[in-house]
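What follows is a single structure, written as structure tokens, with notes after it.
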Amino acid sequence: MPASGQPRFGRRRLVRSLAVAGTGVAVVALPLFGATGAAAATTTSTTATATATSATTYPDTLDGWIRESLSVMAQNGIPGSYESIHRNIMRESSGNPAAINLWDSNAAAGTPSKGLLQVIDPTFQAYHVPGTAFDPFDPVANITAACNYAADRYGSIDNVFGAY
């Protein structure tokens, strides 16, 4: 476009070209002229749908893991808040997804607690949420399974203020 912001060939020539090409092209071009109505709504709707279906990416950080887990939880009807998940993670593992407890009664029984929310393997397996990795050390899978367990046992991770 020239500095004036107008196309080089002007609107008059563009309109004449569209009239010759037929109505199929004119419908596609209508949003260029600020069209309203069905053609504009269809274009906007298609754009909104494409945007809504694009995958959300989360950072590979504690904040990203919690937010991704909350998204999976929302899709599966599992209650919980960011603040409660963060509070419990900091108490259980200090935010270390590779944390493993080798000294408590679970460890003595051969099933050490693992991951961000210190879940034992049988609990992880029973409360694993489809769509997450089947690995208790995977941060999103660990958070989501633990929150699923807490929801079943306590109503929500929001109700957990100590070891669970």
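Ligands are numbered from 1 in the order shown, chains are lettered A, B, ... in the order of the structure tokens, and residues start at 1 in each chain.
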**OP:** Find the spatial neighbours of Gly115 of chain A, counting only C-alpha atoms, within a cut-off of 6 Å - ignore same-chain residues fewer than 5 positions away - and output them as a list in words.
**Re:** Pro97, Ala98, Ala99 and Phe137 of chain A
**OP:** Please run DSSP on the backbone and report, as number ranges by chain, all residues within segment 51-122 of chain A that come out as helix (DSSP H, G or I).
**Re:** A: 51-53, 62-75, 82-92, 105-108, 121-122
**OP:** Write out as a PyMOL selection string each polymer residue whose atoms come within 9 Å of Val119 of chain A, counting only C-alpha atoms; drop sequence neighbours fewer than 6 positions from it.
**Re:** chain A and resi 112-113+136+142-143+145-146
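Atom CA of Thr56 of chain A is positioned 8.7 Å from atom CA of Glu68 of chain A.
Counting only C-alpha atoms, the residue from A:Val160, A:Ala141, A:Ala150, A:Ile100 that sits nearest to Ser69 of chain A is A:Ala141.
With atom CA of Asp104 of chain A on one side and atom CA of Arg67 of chain A on the other, the separation reads 29.6 Å.
In this model, the gap between atom CA of Asp121 of chain A and atom CA of Asp135 of chain A comes to 9.2 Å.
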Subject >> Nearest candidate to Asn76 of chain A (options A:Gly110, A:Gly95, A:Pro130, A:Pro139; using only C-alpha atoms) >> reply: A:Pro130
Original post:
What lies within 7 Å of Pro79 of chain A using only C-alpha atoms, ignoring chain neighbours under 3 positions off, as a PyMOL selection string?
Top reply: chain A and resi 73+151+156
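Closest approach to Asn101 of chain A from the set A:Val129, A:Ser71, A:Leu116, A:Asn88 is made by A:Leu116, with distances taken over only C-alpha atoms.
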Original post:
Which residues, written as number ranges by chain, have at least one atom at most 9 Å from Asp158 of chain A, with only C-alpha atoms counted and residues fewer than 3 positions away on the same chain left out?
Top reply: A: 79-81, 83-85, 150-151, 154-155, 161
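Here the question is which of A:Trp103, A:Trp65, A:Tyr127, A:Tyr82 gets nearest to Asn148 of chain A using only C-alpha atoms, and that residue is A:Tyr127.
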